[in-house]
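Containing PDB, C-alpha atoms: entry-v8.pdb.
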ATOM      1  CA  MET A   1       5.232  -0.858  -9.810
ATOM      2  CA  PRO A   2       3.053   1.970  -8.458
ATOM      3  CA  THR A   3       4.519   5.242  -7.260
ATOM      4  CA  THR A   4       3.961   5.412  -3.502
ATOM      5  CA  VAL A   5       3.047   8.226  -1.157
ATOM      6  CA  ALA A   6       6.364   7.784   0.642
ATOM      7  CA  GLN A   7       8.297   8.111  -2.611
ATOM      8  CA  VAL A   8       6.432  11.235  -3.706
ATOM      9  CA  LEU A   9       6.674  13.077  -0.395
ATOM     10  CA  GLY A  10      10.051  11.705   0.696
ATOM     11  CA  LEU A  11       8.893   9.940   3.858
ATOM     12  CA  GLU A  12      10.545   7.307   6.006
ATOM     13  CA  VAL A  13       7.171   6.086   7.275
ATOM     14  CA  SER A  14       4.135   5.900   4.977
ATOM     15  CA  LEU A  15       1.956   7.861   7.353
ATOM     16  CA  LEU A  16       0.243  11.236   7.014
ATOM     17  CA  GLN A  17      -1.206  13.288   9.848
ATOM     18  CA  SER A  18      -4.523  15.008   9.216
ATOM     19  CA  GLY A  19      -4.313  18.810   9.164
ATOM     20  CA  MET A  20      -7.158  19.270  11.622
ATOM     21  CA  GLY A  21      -8.076  22.936  12.021
ATOM     22  CA  GLY A  22      -7.439  24.125  15.569
ATOM     23  CA  VAL A  23      -6.036  20.802  16.745
ATOM     24  CA  ALA A  24      -3.155  20.404  14.295
ATOM     25  CA  GLY A  25      -0.893  23.327  15.048
ATOM     26  CA  THR A  26       2.732  23.636  14.046
ATOM     27  CA  GLU A  27       3.924  21.808  17.195
ATOM     28  CA  LEU A  28       2.087  18.643  16.161
ATOM     29  CA  ALA A  29       2.932  18.923  12.468
ATOM     30  CA  CYS A  30       6.641  19.405  13.113
ATOM     31  CA  ALA A  31       6.787  16.579  15.659
ATOM     32  CA  VAL A  32       5.201  14.153  13.193
ATOM     33  CA  SER A  33       7.509  15.208  10.364
ATOM     34  CA  ASN A  34      10.593  15.062  12.543
ATOM     35  CA  ALA A  35       9.613  11.483  13.411
ATOM     36  CA  GLY A  36       9.767  10.500   9.724
ATOM     37  CA  ALA A  37       6.120  10.782   8.663
ATOM     38  CA  ALA A  38       4.224  13.701   7.080
ATOM     39  CA  GLY A  39       2.939  16.245   9.567
ATOM     40  CA  CYS A  40       0.367  18.800   8.496
ATOM     41  CA  ALA A  41      -0.697  22.110  10.047
ATOM     42  CA  GLY A  42      -4.298  23.223   9.715
ATOM     43  CA  GLY A  43      -4.565  26.455   7.741
ATOM     44  CA  TYR A  44      -8.393  26.565   7.904
ATOM     45  CA  LYS A  45      -9.448  30.235   7.410
ATOM     46  CA  LEU A  46      -6.096  31.865   8.207
ATOM     47  CA  THR A  47      -4.869  34.544   5.812
ATOM     48  CA  GLY A  48      -2.512  37.508   5.860
ATOM     49  CA  PRO A  49      -0.343  38.039   8.951
ATOM     50  CA  LEU A  50      -2.026  35.220  10.891
ATOM     51  CA  LEU A  51      -1.196  32.674   8.193
ATOM     52  CA  SER A  52       2.302  34.138   7.835
ATOM     53  CA  ALA A  53       2.950  33.652  11.542
ATOM     54  CA  MET A  54       1.863  30.026  11.352
ATOM     55  CA  LEU A  55       3.977  29.353   8.263
ATOM     56  CA  ALA A  56       7.044  30.888   9.903
ATOM     57  CA  ARG A  57       6.684  28.575  12.904
ATOM     58  CA  LEU A  58       6.207  25.580  10.620
ATOM     59  CA  VAL A  59       9.314  26.296   8.547
ATOM     60  CA  SER A  60      11.464  26.943  11.610
ATOM     61  CA  GLY A  61      10.232  23.758  13.275
ATOM     62  CA  THR A  62      11.209  21.203  10.650
ATOM     63  CA  GLY A  63      13.228  20.817   7.482
ATOM     64  CA  ARG A  64      11.489  17.544   6.658
ATOM     65  CA  PRO A  65       8.444  17.039   4.415
ATOM     66  CA  VAL A  66       5.465  18.770   6.029
ATOM     67  CA  GLY A  67       2.115  20.073   4.809
ATOM     68  CA  VAL A  68      -0.338  22.934   5.162
ATOM     69  CA  ASN A  69      -3.980  21.901   5.000
ATOM     70  CA  LEU A  70      -6.544  24.141   3.269
ATOM     71  CA  ILE A  71     -10.291  23.669   2.793
ATOM     72  CA  PRO A  72     -11.672  24.938  -0.537
ATOM     73  CA  GLU A  73     -15.358  24.790   0.350
ATOM     74  CA  VAL A  74     -14.951  26.751   3.580
ATOM     75  CA  VAL A  75     -13.064  29.781   2.271
ATOM     76  CA  GLY A  76     -14.235  30.073  -1.328
ATOM     77  CA  PRO A  77     -12.143  30.489  -4.514
ATOM     78  CA  GLY A  78     -10.796  33.987  -3.894
ATOM     79  CA  GLU A  79      -9.652  33.380  -0.334
ATOM     80  CA  LEU A  80      -8.232  29.979  -1.264
ATOM     81  CA  ASP A  81      -6.197  31.594  -4.022
ATOM     82  CA  ARG A  82      -4.739  34.046  -1.522
ATOM     83  CA  GLN A  83      -3.934  31.241   0.928
ATOM     84  CA  VAL A  84      -2.208  29.190  -1.766
ATOM     85  CA  ALA A  85      -0.198  32.221  -2.882
ATOM     86  CA  GLN A  86       1.033  32.796   0.664
ATOM     87  CA  VAL A  87       2.067  29.192   1.171
ATOM     88  CA  LEU A  88       3.959  29.141  -2.137
ATOM     89  CA  GLN A  89       5.652  32.477  -1.504
ATOM     90  CA  GLU A  90       6.508  32.063   2.167
ATOM     91  CA  THR A  91       7.642  28.451   2.439
ATOM     92  CA  PRO A  92      10.412  26.328   0.862
ATOM     93  CA  GLN A  93       9.952  23.293  -1.355
ATOM     94  CA  HIS A  94       9.735  20.737   1.444
ATOM     95  CA  VAL A  95       6.324  22.181   2.400
ATOM     96  CA  HIS A  96       3.507  20.571   0.424
ATOM     97  CA  LEU A  97      -0.109  21.667   0.148
ATOM     98  CA  SER A  98      -2.925  19.477   1.399
ATOM     99  CA  PHE A  99      -6.576  19.987   0.502
ATOM    100  CA  PHE A 100      -9.642  18.648   2.272
ATOM    101  CA  GLY A 101     -11.928  18.368  -0.737
ATOM    102  CA  MET A 102     -11.370  19.398  -4.307
ATOM    103  CA  PRO A 103      -9.967  22.762  -5.441
ATOM    104  CA  GLY A 104     -10.525  24.108  -8.933
ATOM    105  CA  ASP A 105      -8.326  23.231 -11.895
ATOM    106  CA  ALA A 106      -6.519  26.577 -11.739
ATOM    107  CA  VAL A 107      -5.367  25.803  -8.199
ATOM    108  CA  PHE A 108      -4.009  22.434  -9.286
ATOM    109  CA  ASP A 109      -2.184  24.080 -12.183
ATOM    110  CA  ARG A 110      -0.698  26.814  -9.992
ATOM    111  CA  ILE A 111       0.709  24.351  -7.470
ATOM    112  CA  THR A 112       2.059  22.031 -10.159
ATOM    113  CA  ALA A 113       3.723  24.950 -11.918
ATOM    114  CA  ALA A 114       5.428  25.880  -8.652
ATOM    115  CA  GLY A 115       6.872  22.380  -8.383
ATOM    116  CA  ARG A 116       5.099  21.636  -5.113
ATOM    117  CA  HIS A 117       3.613  18.333  -4.077
ATOM    118  CA  LEU A 118      -0.115  18.196  -3.459
ATOM    119  CA  VAL A 119      -2.226  15.920  -1.265
ATOM    120  CA  VAL A 120      -5.997  15.843  -1.788
ATOM    121  CA  GLN A 121      -8.476  14.077   0.490
ATOM    122  CA  VAL A 122     -11.562  12.797  -1.346
ATOM    123  CA  GLY A 123     -14.718  10.847  -0.595
ATOM    124  CA  THR A 124     -15.619   9.608  -4.079
ATOM    125  CA  VAL A 125     -13.962   7.684  -6.869
ATOM    126  CA  GLU A 126     -14.642  10.490  -9.349
ATOM    127  CA  ASP A 127     -12.854  13.098  -7.245
ATOM    128  CA  GLY A 128      -9.955  10.739  -6.617
ATOM    129  CA  VAL A 129      -9.477  10.064 -10.313
ATOM    130  CA  ARG A 130      -9.585  13.800 -11.079
ATOM    131  CA  ALA A 131      -7.084  14.628  -8.332
ATOM    132  CA  ALA A 132      -4.708  11.909  -9.535
ATOM    133  CA  ALA A 133      -4.929  13.247 -13.082
ATOM    134  CA  HIS A 134      -3.479  16.491 -11.717
ATOM    135  CA  GLY A 135      -0.593  14.615 -10.101
ATOM    136  CA  ALA A 136      -1.887  14.706  -6.536
ATOM    137  CA  VAL A 137      -1.401  12.166  -3.790
ATOM    138  CA  VAL A 138      -4.935  10.877  -3.198
ATOM    139  CA  VAL A 139      -6.315  10.244   0.295
ATOM    140  CA  ALA A 140      -9.440   8.065   0.308
ATOM    141  CA  GLN A 141     -11.618   9.052   3.277
ATOM    142  CA  GLY A 142     -14.092   6.439   4.487
ATOM    143  CA  THR A 143     -17.151   7.122   6.606
ATOM    144  CA  GLU A 144     -15.354   5.626   9.612
ATOM    145  CA  ALA A 145     -13.363   8.864   9.807
ATOM    146  CA  GLY A 146     -13.902  11.553  12.391
ATOM    147  CA  GLY A 147     -14.771  15.079  11.329
ATOM    148  CA  HIS A 148     -16.483  16.199   8.154
ATOM    149  CA  LEU A 149     -17.296  13.453   5.682
ATOM    150  CA  LEU A 150     -16.618  13.832   1.982
ATOM    151  CA  GLY A 151     -18.550  10.770   0.812
ATOM    152  CA  THR A 152     -20.693   7.799   1.750
ATOM    153  CA  SER A 153     -18.343   4.841   1.176
ATOM    154  CA  ARG A 154     -16.548   2.741   3.746
ATOM    155  CA  ARG A 155     -12.765   3.127   3.753
ATOM    156  CA  ASP A 156     -11.694  -0.161   2.221
ATOM    157  CA  ASP A 157     -14.454  -0.091  -0.397
ATOM    158  CA  LEU A 158     -13.326   3.337  -1.577
ATOM    159  CA  VAL A 159      -9.652   2.371  -1.461
ATOM    160  CA  GLY A 160     -10.319  -0.749  -3.508
ATOM    161  CA  ALA A 161     -12.375   1.108  -6.086
ATOM    162  CA  LEU A 162      -9.742   3.824  -6.430
ATOM    163  CA  ARG A 163      -6.890   1.345  -6.724
ATOM    164  CA  ALA A 164      -8.778  -0.425  -9.509
ATOM    165  CA  ARG A 165      -9.043   2.861 -11.413
ATOM    166  CA  LEU A 166      -5.591   4.155 -10.401
ATOM    167  CA  PRO A 167      -3.232   1.159 -10.370
ATOM    168  CA  ASP A 168      -0.057   3.291 -10.350
ATOM    169  CA  ALA A 169      -1.099   6.309  -8.256
ATOM    170  CA  PRO A 170       0.052   7.171  -4.718
ATOM    171  CA  LEU A 171      -2.952   6.342  -2.541
ATOM    172  CA  ALA A 172      -3.484   6.762   1.204
ATOM    173  CA  ALA A 173      -6.399   5.472   3.278
ATOM    174  CA  SER A 174      -8.206   7.399   5.991
ATOM    175  CA  GLY A 175     -10.926   6.477   8.459
ATOM    176  CA  GLY A 176     -11.138   4.138  11.445
ATOM    177  CA  ILE A 177      -7.379   3.514  11.669
ATOM    178  CA  GLY A 178      -6.421   3.344  15.332
ATOM    179  CA  SER A 179      -3.855   0.546  15.305
ATOM    180  CA  PRO A 180      -1.148  -0.970  13.104
ATOM    181  CA  ALA A 181      -3.560  -3.853  12.421
ATOM    182  CA  GLN A 182      -6.103  -1.443  10.961
ATOM    183  CA  ALA A 183      -3.354   0.190   8.929
ATOM    184  CA  ALA A 184      -2.432  -3.229   7.543
ATOM    185  CA  ARG A 185      -6.042  -3.843   6.542
ATOM    186  CA  ALA A 186      -6.079  -0.558   4.638
ATOM    187  CA  LEU A 187      -2.856  -1.517   2.844
ATOM    188  CA  ALA A 188      -4.253  -4.916   1.980
ATOM    189  CA  ALA A 189      -7.277  -3.164   0.442
ATOM    190  CA  GLY A 190      -4.967  -1.315  -1.955
ATOM    191  CA  ALA A 191      -3.537   1.740  -0.197
ATOM    192  CA  ASP A 192       0.208   2.319   0.134
ATOM    193  CA  ALA A 193      -0.038   4.738   3.083
ATOM    194  CA  VAL A 194      -2.487   5.823   5.760
ATOM    195  CA  LEU A 195      -3.684   9.158   7.110
ATOM    196  CA  LEU A 196      -4.480   9.411  10.829
ATOM    197  CA  GLY A 197      -6.606  12.056  12.504
ATOM    198  CA  THR A 198      -8.202  10.847  15.732
ATOM    199  CA  ALA A 199      -5.008   9.083  16.793
ATOM    200  CA  PHE A 200      -3.225  12.453  16.763
ATOM    201  CA  VAL A 201      -6.005  14.326  18.587
ATOM    202  CA  VAL A 202      -4.675  12.784  21.806
ATOM    203  CA  ALA A 203      -0.990  13.429  21.080
ATOM    204  CA  HIS A 204       0.885  15.524  23.626
ATOM    205  CA  GLU A 205       1.552  18.107  20.913
ATOM    206  CA  SER A 206      -2.098  18.334  19.849
ATOM    207  CA  ARG A 207      -3.928  21.546  20.695
ATOM    208  CA  ALA A 208      -7.150  19.712  21.493
ATOM    209  CA  HIS A 209      -8.758  20.683  24.806
ATOM    210  CA  ALA A 210      -7.870  18.330  27.679
ATOM    211  CA  ARG A 211     -11.521  17.320  28.093
ATOM    212  CA  PHE A 212     -11.732  16.586  24.381
ATOM    213  CA  LYS A 213      -8.681  14.335  24.626
ATOM    214  CA  SER A 214     -10.111  12.562  27.671
ATOM    215  CA  ALA A 215     -13.423  11.985  25.913
ATOM    216  CA  VAL A 216     -11.653  10.393  22.933
ATOM    217  CA  THR A 217      -9.526   8.055  25.043
ATOM    218  CA  ALA A 218     -12.569   6.998  27.098
ATOM    219  CA  ALA A 219     -14.757   6.277  24.062
ATOM    220  CA  ASP A 220     -15.275   3.261  21.869
ATOM    221  CA  GLU A 221     -16.635   3.230  18.326
ATOM    222  CA  THR A 222     -20.234   3.009  19.579
ATOM    223  CA  ALA A 223     -19.813   6.475  21.122
ATOM    224  CA  THR A 224     -19.581   8.200  17.738
ATOM    225  CA  VAL A 225     -22.462   9.380  15.573
ATOM    226  CA  ILE A 226     -22.806  10.822  12.091
ATOM    227  CA  THR A 227     -24.759  14.063  12.244
ATOM    228  CA  ASP A 228     -25.127  17.420  10.517
ATOM    229  CA  VAL A 229     -25.757  19.638  13.562
ATOM    230  CA  TYR A 230     -22.399  21.444  13.708
ATOM    231  CA  THR A 231     -22.980  23.711  10.719
ATOM    232  CA  ILE A 232     -22.033  27.218  11.884
ATOM    233  CA  GLY A 233     -18.830  28.057  10.034
ATOM    234  CA  TRP A 234     -18.979  24.950   7.856
ATOM    235  CA  PRO A 235     -22.441  24.231   6.444
ATOM    236  CA  GLY A 236     -23.488  21.404   4.169
ATOM    237  CA  ARG A 237     -21.474  18.477   5.530
ATOM    238  CA  ARG A 238     -22.234  15.488   7.672
ATOM    239  CA  HIS A 239     -19.613  14.809  10.305
ATOM    240  CA  ARG A 240     -18.662  12.026  12.690
ATOM    241  CA  VAL A 241     -18.392  13.220  16.283
ATOM    242  CA  LEU A 242     -18.688  11.876  19.786
ATOM    243  CA  ALA A 243     -22.331  11.915  20.837
ATOM    244  CA  THR A 244     -23.065  15.089  22.820
ATOM    245  CA  PRO A 245     -26.104  16.830  24.342
ATOM    246  CA  VAL A 246     -26.240  18.834  21.123
ATOM    247  CA  THR A 247     -26.377  15.790  18.839
ATOM    248  CA  ALA A 248     -29.063  14.348  21.124
ATOM    249  CA  ASP A 249     -31.203  17.504  20.929
ATOM    250  CA  PRO A 250     -30.476  19.596  17.819
ATOM    251  CA  HIS A 251     -33.428  21.923  18.451
ATOM    252  CA  GLN A 252     -31.750  23.924  21.203
ATOM    253  CA  PRO A 253     -31.132  27.660  20.683
ATOM    254  CA  ALA A 254     -27.896  28.600  18.935
ATOM    255  CA  LYS A 255     -26.654  30.766  21.771
ATOM    256  CA  PHE A 256     -23.040  31.324  22.789
ATOM    257  CA  ILE A 257     -21.673  28.503  24.939
ATOM    258  CA  GLY A 258     -18.003  29.420  25.148
ATOM    259  CA  LYS A 259     -15.097  31.440  23.845
ATOM    260  CA  THR A 260     -11.790  30.668  22.205
ATOM    261  CA  VAL A 261      -8.646  32.273  20.823
ATOM    262  CA  VAL A 262      -7.223  31.632  17.332
ATOM    263  CA  GLU A 263      -3.745  33.007  16.550
ATOM    264  CA  GLY A 264      -4.191  35.619  19.264
ATOM    265  CA  LYS A 265      -7.688  36.741  18.216
ATOM    266  CA  PRO A 266     -10.649  36.090  20.580
ATOM    267  CA  TYR A 267     -13.897  34.583  19.312
ATOM    268  CA  LEU A 268     -17.214  33.582  20.856
ATOM    269  CA  VAL A 269     -18.320  29.998  20.236
ATOM    270  CA  PRO A 270     -22.033  29.470  19.533
ATOM    271  CA  ARG A 271     -23.815  26.180  20.007
ATOM    272  CA  PHE A 272     -23.688  24.270  16.681
ATOM    273  CA  SER A 273     -20.319  25.828  15.762
ATOM    274  CA  ALA A 274     -18.029  23.680  13.649
ATOM    275  CA  ALA A 275     -15.066  24.963  15.676
ATOM    276  CA  VAL A 276     -13.269  22.273  17.663
ATOM    277  CA  PRO A 277     -12.483  22.945  21.349
ATOM    278  CA  THR A 278      -8.779  23.636  21.781
ATOM    279  CA  GLU A 279      -6.537  24.380  24.729
ATOM    280  CA  ALA A 280      -7.532  28.038  24.231
ATOM    281  CA  THR A 281     -11.271  27.286  24.501
ATOM    282  CA  SER A 282     -13.423  27.649  27.594
ATOM    283  CA  GLY A 283     -17.101  27.054  28.261
ATOM    284  CA  ARG A 284     -19.346  24.049  27.642
ATOM    285  CA  ILE A 285     -16.729  21.812  26.043
ATOM    286  CA  GLU A 286     -19.032  18.785  26.273
ATOM    287  CA  GLU A 287     -21.498  20.481  23.877
ATOM    288  CA  MET A 288     -18.938  21.437  21.241
ATOM    289  CA  ALA A 289     -17.898  19.559  18.105
ATOM    290  CA  LEU A 290     -15.840  16.635  19.404
ATOM    291  CA  TYR A 291     -14.740  15.188  16.067
ATOM    292  CA  CYS A 292     -13.846  11.540  16.505
ATOM    293  CA  GLY A 293     -13.471   8.542  14.227
ATOM    294  CA  GLN A 294     -14.365   4.929  14.896
ATOM    295  CA  SER A 295     -10.692   4.328  15.641
ATOM    296  CA  CYS A 296     -11.258   5.710  19.154
ATOM    297  CA  GLY A 297     -11.928   2.246  20.560
ATOM    298  CA  GLU A 298      -8.253   1.422  19.985
ATOM    299  CA  ILE A 299      -6.911   4.674  21.472
ATOM    300  CA  SER A 300      -6.430   4.449  25.219
ATOM    301  CA  GLY A 301      -4.142   7.262  26.298
ATOM    302  CA  GLU A 302      -2.236  10.431  25.497
ATOM    303  CA  VAL A 303       1.208   9.834  23.971
ATOM    304  CA  SER A 304       3.766  11.795  21.994
ATOM    305  CA  ALA A 305       3.476  12.212  18.237
ATOM    306  CA  ALA A 306       6.823  10.452  17.821
ATOM    307  CA  ASP A 307       5.521   7.457  19.774
ATOM    308  CA  ILE A 308       2.462   7.266  17.522
ATOM    309  CA  VAL A 309       4.623   7.260  14.402
ATOM    310  CA  ALA A 310       6.951   4.665  15.941
ATOM    311  CA  ALA A 311       4.032   2.358  16.760
ATOM    312  CA  TYR A 312       2.978   2.300  13.100
ATOM    313  CA  GLN A 313       6.449   2.179  11.614
ATOM    314  CA  PRO A 314       6.789  -1.632  11.403
ATOM    315  CA  ALA A 315       3.545  -1.870   9.412
ATOM    316  CA  LEU A 316       4.249   1.110   7.169
ATOM    317  CA  THR A 317       7.988   1.120   6.464
ATOM    318  CA  ARG A 318       8.689  -1.134   3.531
ATOM    319  CA  PRO A 319      10.115  -0.990   0.005
ATOM    320  CA  GLU A 320       7.059  -2.534  -1.685
ATOM    321  CA  ALA A 321       4.337  -0.326  -3.116
ATOM    322  CA  THR A 322       1.578  -2.490  -1.686
ATOM    323  CA  LEU A 323       1.358  -4.865   1.223
ATOM    324  CA  THR A 324       0.963  -8.503   0.263
ATOM    325  CA  GLN A 325      -1.774 -10.540   1.916
ATOM    326  CA  GLU A 326       0.871 -12.642   3.659
ATOM    327  CA  LYS A 327       2.445  -9.562   5.252
ATOM    328  CA  ALA A 328      -0.925  -8.078   6.102
ATOM    329  CA  GLU A 329      -1.799 -11.185   8.076
ATOM    330  CA  ARG A 330       1.281 -10.709  10.265
ATOM    331  CA  TYR A 331      -0.223  -7.471  11.519
ATOM    332  CA  VAL A 332      -3.923  -8.339  11.383
ATOM    333  CA  GLY A 333      -3.497 -11.691  13.079
TER
END
Could I get this structure in the form of structure tokens?
Amino acid sequence: MPTTVAQVLGLEVSLLQSGMGGVAGTELACAVSNAGAAGCAGGYKLTGPLLSAMLARLVSGTGRPVGVNLIPEVVGPGELDRQVAQVLQETPQHVHLSFFGMPGDAVFDRITAAGRHLVVQVGTVEDGVRAAAHGAVVVAQGTEAGGHLLGTSRRDDLVGALRARLPDAPLAASGGIGSPAQAARALAAGADAVLLGTAFVVAHESRAHARFKSAVTAADETATVITDVYTIGWPGRRHRVLATPVTADPHQPAKFIGKTVVEGKPYLVPRFSAAVPTEATSGRIEEMALYCGQSCGEISGEVSAADIVAAYQPALTRPEATLTQEKAERYVG
């Protein structure tokens, strides 16, 4: 029988929360973990005292399994190494590391040697197989997902291909999951857990700007587009966002359209910035990067993180490693 995500991380509910930079602060991560799933705080580019402050809040907020998300391609090898060192030195064992994209082999080895669990989100079969070989929980991201896209495959196609190559590995599915029925479909495709991002953007504990939350709850899947316009701060990736005046006309000048605050430090926000609008952001919110997956059509209002976890619990709490087709049909209908 395969080893499951829940078994590896010690979860009551086989659900992971995406460590969305800016949106996923410690309040959201701790609320998700305290509800029995795996919360995750976005580390993004934080280092030094700013990262230490975030880690201290995370550790004081929950004693349950919880993660810190880091992004190798955004910070580079040297900065990533410093981030990893801080997480390992300043947090206890119940804090796992989560990577959006693949780190180098030395990073894998360092985390394994420290006895920490590792979650890696991938967009290709090759990356998933490599991550699993290093003992990581693998998250298969489909193109239905909001935010930056790591591959070109649909969720269930990637999940199925990875499960065929990794019959015994812990495998979570990500992308377009906005209801327990969608979670059941992902399990039927071969996953044993799911990762949610857009669903948690609208959580009470999310740091997303109020207008960002409202735009997500008002949208359906036809309102999202895949584009590459939001490149400042994170070049080289396509991303799924809500359609905005900027996605409609990418030839506008890259002038400043707002300002924000990150861990107490003020920043100006230029048009085409990859930064997400948070509760600390002001300016032309409707032109900023409103990352949103195709799950938005099933998300109708702002609720607590605990309520989100509870809604998925019947579909995701089970002793089996995979969901049988018979059980999947109970949820899919």
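Among the candidates A:Cys30, A:Ala145, A:Val75, A:Val194, the one nearest to Ser60 in chain A when counting all atoms listed in the file is A:Cys30.
Between CA of Pro49 in chain A and CA of Thr260 in chain A there is a distance of 19.0 Å.
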- Pick out the residues sitting within 7 Å of Gln141 in chain A, and hand them over as a ChimeraX atom specification; count all atoms listed in the file, and ignore anything fewer than 4 positions along from it in its own chain. /A:121-123,145,155,173-175
- Pick out the residues sitting within 10 Å of Ala140 in chain A, and hand them over as a PyMOL selection string; count all atoms listed in the file, and ignore anything fewer than 5 positions along from it in its own chain. chain A and resi 120-125+127-128+150-151+153-162+171-175+191+194-195
For the residues selected in the previous step, produce a file with C-alpha atoms as a JSON list (two decimals), in the coordinates of the input.
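Once everything was written out, this is selection10.json:
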[["chain", "number", "residue", "atom", "x", "y", "z"],
["A", 120, "VAL", "CA", -6.00, 15.84, -1.79],
["A", 121, "GLN", "CA", -8.48, 14.08, 0.49],
["A", 122, "VAL", "CA", -11.56, 12.80, -1.35],
["A", 123, "GLY", "CA", -14.72, 10.85, -0.60],
["A", 124, "THR", "CA", -15.62, 9.61, -4.08],
["A", 125, "VAL", "CA", -13.96, 7.68, -6.87],
["A", 127, "ASP", "CA", -12.85, 13.10, -7.24],
["A", 128, "GLY", "CA", -9.96, 10.74, -6.62],
["A", 150, "LEU", "CA", -16.62, 13.83, 1.98],
["A", 151, "GLY", "CA", -18.55, 10.77, 0.81],
["A", 153, "SER", "CA", -18.34, 4.84, 1.18],
["A", 154, "ARG", "CA", -16.55, 2.74, 3.75],
["A", 155, "ARG", "CA", -12.76, 3.13, 3.75],
["A", 156, "ASP", "CA", -11.69, -0.16, 2.22],
["A", 157, "ASP", "CA", -14.45, -0.09, -0.40],
["A", 158, "LEU", "CA", -13.33, 3.34, -1.58],
["A", 159, "VAL", "CA", -9.65, 2.37, -1.46],
["A", 160, "GLY", "CA", -10.32, -0.75, -3.51],
["A", 161, "ALA", "CA", -12.38, 1.11, -6.09],
["A", 162, "LEU", "CA", -9.74, 3.82, -6.43],
["A", 171, "LEU", "CA", -2.95, 6.34, -2.54],
["A", 172, "ALA", "CA", -3.48, 6.76, 1.20],
["A", 173, "ALA", "CA", -6.40, 5.47, 3.28],
["A", 174, "SER", "CA", -8.21, 7.40, 5.99],
["A", 175, "GLY", "CA", -10.93, 6.48, 8.46],
["A", 191, "ALA", "CA", -3.54, 1.74, -0.20],
["A", 194, "VAL", "CA", -2.49, 5.82, 5.76],
["A", 195, "LEU", "CA", -3.68, 9.16, 7.11]]
- Specify as a ChimeraX atom specification each residue included when the PyMOL selection byres ((chain A and resi 288-291) around 6) is applied to this file. /A:146-147,241-242,276,285-287,292
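Residues surrounding range 5-22 of chain A within 6 Å are Gly36, Ala37, Ala38, Gly39, Cys40, Ala41, Gly42, Tyr44, Asn69, Pro170, Ala193, Val194, Leu195, Leu196, Gly197, Gln313, Leu316 and Thr317 of chain A [all atoms listed in the file; sequence separation below 6 positions excluded].
Ranking A:Val262, A:Ala132, A:Ala223, A:Ile232 by their shortest atom-to-atom distance to Leu51 in chain A, with all atoms listed in the file included, puts A:Val262 first.
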- Query: Which is closest to Arg110 in chain A among A:Val137, A:Val261, A:Val84, A:Ala248, if we use only C-alpha atoms?
  - Reply: A:Val84
- Message: To one decimal place in Å, what is the distance between CA of Trp234 in chain A and CA of Ser273 in chain A?
- Response: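 One can read the CA of Trp234 in chain A to CA of Ser273 in chain A distance as 8.1 Å.
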- Query: Could you write out as a ChimeraX atom specification the residues that the PyMOL selection byres ((chain A and resi 302) around 10) matches in the shown file?
  - Reply: /A:199-206,210,213-214,216-217,299-301,303-305,308
- Long-range neighbours of Asp81 in chain A as a VMD selection string, 12 Å cut-off, all atoms listed in the file, 6 positions minimum in chain: chain A and resid 45 47 70 to 72 75 87 to 88 103 to 111
Could you write out the selected residues, including C-alpha atoms, as an mmCIF file, in the coordinates of the input?
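This went into out.cif:
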data_model
loop_
_atom_site.group_PDB
_atom_site.id
_atom_site.type_symbol
_atom_site.label_atom_id
_atom_site.label_comp_id
_atom_site.auth_asym_id
_atom_site.auth_seq_id
_atom_site.Cartn_x
_atom_site.Cartn_y
_atom_site.Cartn_z
ATOM 1 C CA LYS A 45 -9.448 30.235 7.410
ATOM 2 C CA THR A 47 -4.869 34.544 5.812
ATOM 3 C CA LEU A 70 -6.544 24.141 3.269
ATOM 4 C CA ILE A 71 -10.291 23.669 2.793
ATOM 5 C CA PRO A 72 -11.672 24.938 -0.537
ATOM 6 C CA VAL A 75 -13.064 29.781 2.271
ATOM 7 C CA VAL A 87 2.067 29.192 1.171
ATOM 8 C CA LEU A 88 3.959 29.141 -2.137
ATOM 9 C CA PRO A 103 -9.967 22.762 -5.441
ATOM 10 C CA GLY A 104 -10.525 24.108 -8.933
ATOM 11 C CA ASP A 105 -8.326 23.231 -11.895
ATOM 12 C CA ALA A 106 -6.519 26.577 -11.739
ATOM 13 C CA VAL A 107 -5.367 25.803 -8.199
ATOM 14 C CA PHE A 108 -4.009 22.434 -9.286
ATOM 15 C CA ASP A 109 -2.184 24.080 -12.183
ATOM 16 C CA ARG A 110 -0.698 26.814 -9.992
ATOM 17 C CA ILE A 111 0.709 24.351 -7.470
#
- Given the file shown, determine the residues that the PyMOL selection byres ((chain A and resi 67) around 6) selects; report them as JSON, numbers by chain. {"A": [40, 66, 68, 95, 96, 97]}
- Length of the CA of Gln83 in chain A to CA of Gly293 in chain A vector [Å]: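 These atoms are spaced 28.0 Å apart.
Protein and nucleic acid residues near (-32.3, 19.2, 19.8) are Thr227, Asp228, Val229, Tyr230, Thr244, Pro245, Val246, Thr247, Ala248, Asp249, Pro250, His251, Gln252, Pro253, Ala254, Arg271, Phe272 and Glu287 of chain A, the criterion being any atom at most 12 Å away using only C-alpha atoms.
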- Query: From the list A:Cys296, A:Ala31, A:Ala208, A:Ile226, which residue is nearest Ala280 in chain A when using only C-alpha atoms?
  - Reply: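 Smallest distance to Ala280 in chain A is found for A:Ala208.
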- Item | Contacts of Gln93 in chain A at 9 Å (all atoms listed in the file; same-chain gap of 4+ positions) as an NGL selection string | :A and (65 or 88 or 114-117)
